[in-house]
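Peer 1: input_6.txt is the file, holding compact mmCIF, N, CA and C atoms:
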```txt
# COMPACT_ATOMS: atom_id res chain seq x y z
N VAL A 1 0.84 -1.19 0.00
CA VAL A 1 0.00 0.00 0.00
C VAL A 1 0.88 1.25 0.00
N TYR A 2 1.94 1.23 0.84
CA TYR A 2 2.84 2.38 0.92
C TYR A 2 3.50 2.65 -0.43
N THR A 3 3.99 1.62 -1.08
CA THR A 3 4.64 1.77 -2.38
C THR A 3 3.65 2.26 -3.42
N GLY A 4 2.46 1.72 -3.42
CA GLY A 4 1.43 2.13 -4.37
C GLY A 4 1.04 3.59 -4.21
N LEU A 5 0.83 4.01 -2.98
CA LEU A 5 0.46 5.41 -2.72
C LEU A 5 1.61 6.36 -3.08
N THR A 6 2.82 5.94 -2.79
CA THR A 6 3.98 6.76 -3.14
C THR A 6 4.10 6.89 -4.66
N TYR A 7 3.86 5.80 -5.36
CA TYR A 7 3.91 5.82 -6.82
C TYR A 7 2.85 6.76 -7.39
N ILE A 8 1.63 6.67 -6.89
CA ILE A 8 0.55 7.53 -7.36
C ILE A 8 0.88 9.00 -7.09
N PHE A 9 1.40 9.29 -5.90
CA PHE A 9 1.77 10.66 -5.56
C PHE A 9 2.87 11.17 -6.49
N ALA A 10 3.87 10.34 -6.77
CA ALA A 10 4.97 10.74 -7.65
C ALA A 10 4.46 11.02 -9.06
N VAL A 11 3.59 10.18 -9.57
CA VAL A 11 3.05 10.38 -10.92
C VAL A 11 2.23 11.66 -10.97
N ILE A 12 1.41 11.89 -9.98
CA ILE A 12 0.61 13.13 -9.94
C ILE A 12 1.53 14.34 -9.91
N LEU A 13 2.58 14.28 -9.10
CA LEU A 13 3.50 15.40 -9.00
C LEU A 13 4.23 15.65 -10.31
N LEU A 14 4.50 14.60 -11.07
CA LEU A 14 5.22 14.75 -12.33
C LEU A 14 4.33 15.20 -13.49
N VAL A 15 3.06 14.85 -13.50
CA VAL A 15 2.19 15.25 -14.61
C VAL A 15 1.38 16.51 -14.31
N LEU A 16 1.31 16.92 -13.06
CA LEU A 16 0.52 18.09 -12.68
C LEU A 16 0.89 19.36 -13.46
N PRO A 17 2.16 19.65 -13.68
CA PRO A 17 2.49 20.88 -14.43
C PRO A 17 1.86 20.95 -15.82
N TYR A 18 1.67 19.80 -16.46
CA TYR A 18 1.09 19.81 -17.80
C TYR A 18 -0.40 20.15 -17.79
N PHE A 19 -1.05 19.98 -16.65
CA PHE A 19 -2.46 20.37 -16.53
C PHE A 19 -2.61 21.82 -16.10
N ILE A 20 -1.57 22.39 -15.53
CA ILE A 20 -1.63 23.75 -15.02
C ILE A 20 -1.08 24.76 -16.01
N ILE A 21 0.03 24.40 -16.68
CA ILE A 21 0.73 25.32 -17.58
C ILE A 21 0.47 24.92 -19.02
N SER A 22 0.13 25.89 -19.86
CA SER A 22 -0.16 25.58 -21.26
C SER A 22 1.10 25.54 -22.12
N ARG A 23 2.17 26.16 -21.68
CA ARG A 23 3.44 26.14 -22.43
C ARG A 23 4.23 24.91 -22.00
N TYR A 24 4.41 24.00 -22.96
CA TYR A 24 4.97 22.69 -22.64
C TYR A 24 6.40 22.74 -22.12
N TYR A 25 7.21 23.67 -22.61
CA TYR A 25 8.59 23.72 -22.14
C TYR A 25 8.69 24.18 -20.68
N PHE A 26 7.80 25.08 -20.27
CA PHE A 26 7.76 25.47 -18.86
C PHE A 26 7.26 24.32 -17.99
N ALA A 27 6.29 23.60 -18.51
CA ALA A 27 5.79 22.43 -17.78
C ALA A 27 6.88 21.37 -17.66
N LEU A 28 7.66 21.19 -18.72
CA LEU A 28 8.77 20.24 -18.69
C LEU A 28 9.80 20.66 -17.64
N LEU A 29 10.13 21.93 -17.61
CA LEU A 29 11.08 22.44 -16.61
C LEU A 29 10.56 22.20 -15.20
N TRP A 30 9.29 22.49 -14.96
CA TRP A 30 8.68 22.29 -13.64
C TRP A 30 8.70 20.80 -13.29
N THR A 31 8.40 19.96 -14.24
CA THR A 31 8.42 18.51 -14.00
C THR A 31 9.83 18.04 -13.66
N LEU A 32 10.83 18.54 -14.37
CA LEU A 32 12.21 18.17 -14.07
C LEU A 32 12.61 18.62 -12.67
N LEU A 33 12.19 19.81 -12.28
CA LEU A 33 12.47 20.28 -10.92
C LEU A 33 11.78 19.42 -9.88
N ASN A 34 10.54 19.02 -10.15
CA ASN A 34 9.83 18.11 -9.25
C ASN A 34 10.57 16.77 -9.14
N ALA A 35 11.06 16.28 -10.26
CA ALA A 35 11.78 15.01 -10.26
C ALA A 35 13.07 15.12 -9.44
N ILE A 36 13.79 16.22 -9.61
CA ILE A 36 15.02 16.42 -8.85
C ILE A 36 14.71 16.52 -7.36
N LEU A 37 13.62 17.18 -7.01
CA LEU A 37 13.22 17.27 -5.60
C LEU A 37 12.90 15.89 -5.04
N MET A 38 12.18 15.08 -5.79
CA MET A 38 11.86 13.73 -5.32
C MET A 38 13.13 12.87 -5.21
N ILE A 39 14.04 13.02 -6.15
CA ILE A 39 15.31 12.29 -6.08
C ILE A 39 16.09 12.73 -4.85
N PHE A 40 16.09 14.02 -4.58
CA PHE A 40 16.78 14.57 -3.40
C PHE A 40 16.24 13.95 -2.12
N ILE A 41 14.91 13.93 -1.98
CA ILE A 41 14.28 13.40 -0.77
C ILE A 41 14.56 11.91 -0.64
N PHE A 42 14.37 11.17 -1.72
CA PHE A 42 14.60 9.73 -1.68
C PHE A 42 16.06 9.40 -1.39
N THR A 43 16.97 10.13 -2.03
CA THR A 43 18.40 9.89 -1.82
C THR A 43 18.80 10.21 -0.39
N TYR A 44 18.25 11.27 0.17
CA TYR A 44 18.54 11.61 1.56
C TYR A 44 18.11 10.47 2.48
N PHE A 45 16.91 9.96 2.26
CA PHE A 45 16.39 8.87 3.08
C PHE A 45 17.29 7.64 2.98
N ILE A 46 17.65 7.26 1.75
CA ILE A 46 18.50 6.08 1.54
C ILE A 46 19.89 6.31 2.15
N SER A 47 20.45 7.49 1.95
CA SER A 47 21.79 7.78 2.46
C SER A 47 21.85 7.71 3.98
N VAL A 48 20.82 8.22 4.62
CA VAL A 48 20.79 8.19 6.09
C VAL A 48 20.58 6.77 6.59
N SER A 49 19.63 6.06 5.99
CA SER A 49 19.31 4.72 6.49
C SER A 49 20.40 3.69 6.20
N LYS A 50 21.16 3.87 5.11
CA LYS A 50 22.20 2.90 4.76
C LYS A 50 23.61 3.44 4.98
N ASP A 51 23.71 4.64 5.55
CA ASP A 51 25.00 5.28 5.83
C ASP A 51 25.87 5.35 4.59
N LEU A 52 25.32 5.95 3.52
CA LEU A 52 26.03 6.11 2.25
C LEU A 52 26.33 7.60 2.02
N SER A 53 27.21 7.88 1.09
CA SER A 53 27.54 9.26 0.73
C SER A 53 26.35 9.88 -0.01
N PHE A 54 25.79 10.95 0.57
CA PHE A 54 24.63 11.60 -0.04
C PHE A 54 24.99 12.22 -1.39
N LYS A 55 26.08 12.97 -1.45
CA LYS A 55 26.44 13.68 -2.68
C LYS A 55 26.67 12.71 -3.84
N LYS A 56 27.38 11.63 -3.57
CA LYS A 56 27.67 10.66 -4.62
C LYS A 56 26.38 9.99 -5.10
N LYS A 57 25.54 9.54 -4.18
CA LYS A 57 24.28 8.87 -4.57
C LYS A 57 23.34 9.83 -5.28
N PHE A 58 23.25 11.07 -4.80
CA PHE A 58 22.36 12.04 -5.43
C PHE A 58 22.82 12.33 -6.85
N ALA A 59 24.13 12.55 -7.02
CA ALA A 59 24.65 12.82 -8.36
C ALA A 59 24.38 11.64 -9.30
N GLU A 60 24.58 10.44 -8.80
CA GLU A 60 24.35 9.25 -9.61
C GLU A 60 22.88 9.11 -10.00
N MET A 61 21.99 9.23 -9.03
CA MET A 61 20.56 9.06 -9.32
C MET A 61 20.01 10.18 -10.19
N ALA A 62 20.45 11.41 -9.93
CA ALA A 62 19.97 12.54 -10.73
C ALA A 62 20.48 12.42 -12.16
N ALA A 63 21.74 12.04 -12.33
CA ALA A 63 22.30 11.91 -13.68
C ALA A 63 21.57 10.83 -14.47
N ILE A 64 21.34 9.70 -13.87
CA ILE A 64 20.63 8.61 -14.56
C ILE A 64 19.22 9.04 -14.93
N SER A 65 18.50 9.63 -13.99
CA SER A 65 17.11 10.03 -14.23
C SER A 65 17.02 11.11 -15.31
N LEU A 66 17.88 12.11 -15.23
CA LEU A 66 17.83 13.18 -16.22
C LEU A 66 18.30 12.70 -17.59
N LEU A 67 19.23 11.77 -17.63
CA LEU A 67 19.65 11.20 -18.91
C LEU A 67 18.51 10.42 -19.57
N VAL A 68 17.80 9.64 -18.79
CA VAL A 68 16.65 8.90 -19.32
C VAL A 68 15.58 9.87 -19.81
N ALA A 69 15.34 10.95 -19.05
CA ALA A 69 14.36 11.95 -19.47
C ALA A 69 14.79 12.62 -20.77
N ALA A 70 16.07 12.95 -20.89
CA ALA A 70 16.58 13.60 -22.10
C ALA A 70 16.46 12.67 -23.31
N ILE A 71 16.79 11.41 -23.13
CA ILE A 71 16.68 10.44 -24.23
C ILE A 71 15.22 10.28 -24.65
N SER A 72 14.32 10.19 -23.69
CA SER A 72 12.89 10.06 -24.00
C SER A 72 12.39 11.30 -24.74
N PHE A 73 12.81 12.47 -24.28
CA PHE A 73 12.40 13.71 -24.95
C PHE A 73 12.94 13.75 -26.38
N ALA A 74 14.19 13.35 -26.56
CA ALA A 74 14.79 13.35 -27.90
C ALA A 74 14.07 12.39 -28.83
N ILE A 75 13.73 11.22 -28.33
CA ILE A 75 12.99 10.25 -29.16
C ILE A 75 11.64 10.82 -29.56
N GLY A 76 10.94 11.43 -28.64
CA GLY A 76 9.65 12.04 -28.95
C GLY A 76 9.78 13.19 -29.94
N PHE A 77 10.81 14.00 -29.75
CA PHE A 77 11.05 15.13 -30.65
C PHE A 77 11.36 14.65 -32.06
N LEU A 78 12.23 13.65 -32.17
CA LEU A 78 12.58 13.12 -33.48
C LEU A 78 11.38 12.43 -34.14
N PHE A 79 10.60 11.71 -33.37
CA PHE A 79 9.40 11.07 -33.91
C PHE A 79 8.45 12.12 -34.49
N LYS A 80 8.26 13.20 -33.72
CA LYS A 80 7.38 14.26 -34.18
C LYS A 80 7.94 14.90 -35.46
N LYS A 81 9.24 15.13 -35.50
CA LYS A 81 9.85 15.79 -36.65
C LYS A 81 9.75 14.94 -37.92
N PHE A 82 10.03 13.64 -37.80
CA PHE A 82 10.08 12.80 -38.99
C PHE A 82 8.73 12.21 -39.38
N SER A 83 7.82 12.07 -38.43
CA SER A 83 6.51 11.50 -38.76
C SER A 83 5.47 12.56 -39.06
N GLY A 84 5.70 13.76 -38.54
CA GLY A 84 4.71 14.82 -38.72
C GLY A 84 3.51 14.70 -37.81
N ILE A 85 3.53 13.71 -36.91
CA ILE A 85 2.42 13.51 -35.99
C ILE A 85 2.69 14.31 -34.72
N SER A 86 1.74 15.14 -34.35
CA SER A 86 1.86 15.94 -33.14
C SER A 86 0.70 15.63 -32.21
N ILE A 87 1.01 15.35 -31.00
CA ILE A 87 -0.05 15.01 -30.03
C ILE A 87 -0.29 16.20 -29.14
```
Would you write the structure of this file as structure tokens?
Peer 2:
Amino acid sequence: VYTGLTYIFAVILLVLPYFIISRYYFALLWTLLNAILMIFIFTYFISVSKDLSFKKKFAEMAAISLLVAAISFAIGFLFKKFSGISI
């Protein structure tokens, strides 16, 4: 139940900017900031509970997450450019 509720909260927090802001790039920026905040909180919790280096874990998790987001954005951008389909 805890994991499910946390997942639902995270998804709501990540998609909420797209319902509030009509300019997609600002919504994307807000979503990325929300993601970094969630990574910060989660990394802090893990670092304290497992006695790990916060800076190293945060950098690692943020880099992986933002890289995945950038790749996904690039794939969507290229698909839109070459297919002409816009959602």
Peer 1: Can you pull out every residue within 12 Å of A:Ile64, counting only C-alpha atoms, but drop anything in the same chain fewer than 6 positions away, and send it as a list in words?
Peer 2: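 Contacts, with the query itself left out: Ala35, Ile36, Ile39, Lys57, Phe58, Ala70 and Ile71 of chain A.
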Peer 1: Here is a test: counting all atoms listed in the file, which residue of A:Trp30, A:Val1, A:Ser83, A:Glu60 is nearest to A:Leu14?
Peer 2: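 Counting all atoms listed in the file, the residue closest to A:Leu14 is A:Trp30.
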Peer 1: Rounded to one decimal place, report the atom CA of A:Phe9-atom CA of A:Ser53 distance in Å.
Peer 2: 26.6 Å
Peer 1: When distances are computed from only C-alpha atoms, which of A:Phe73, A:Met61, A:Thr3, A:Ile41 shows the smallest separation from A:Leu28?
Peer 2: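 Selected residue with least distance to A:Leu28: A:Phe73.
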Peer 1: May I have the residues at most 10 Å from (12.4, 17.4, -19.3) in the file's coordinates, counting only C-alpha atoms, as a list in words?
Peer 2: Tyr24, Tyr25, Phe26, Ala27, Leu28, Leu29, Trp30, Thr31, Leu32, Leu33, Ala35, Leu66, Leu67, Val68, Ala69, Ala70, Ile71, Ser72, Phe73 and Ala74 of chain A
Peer 1: Interatomic distance between atom C of A:Ala10 and atom N of A:Ile85?
Peer 2: 28.0 Å
Peer 1: One number please: atom N of A:Val11 to atom C of A:Asn34, in Å, one decimal.
Peer 2: 9.6 Å
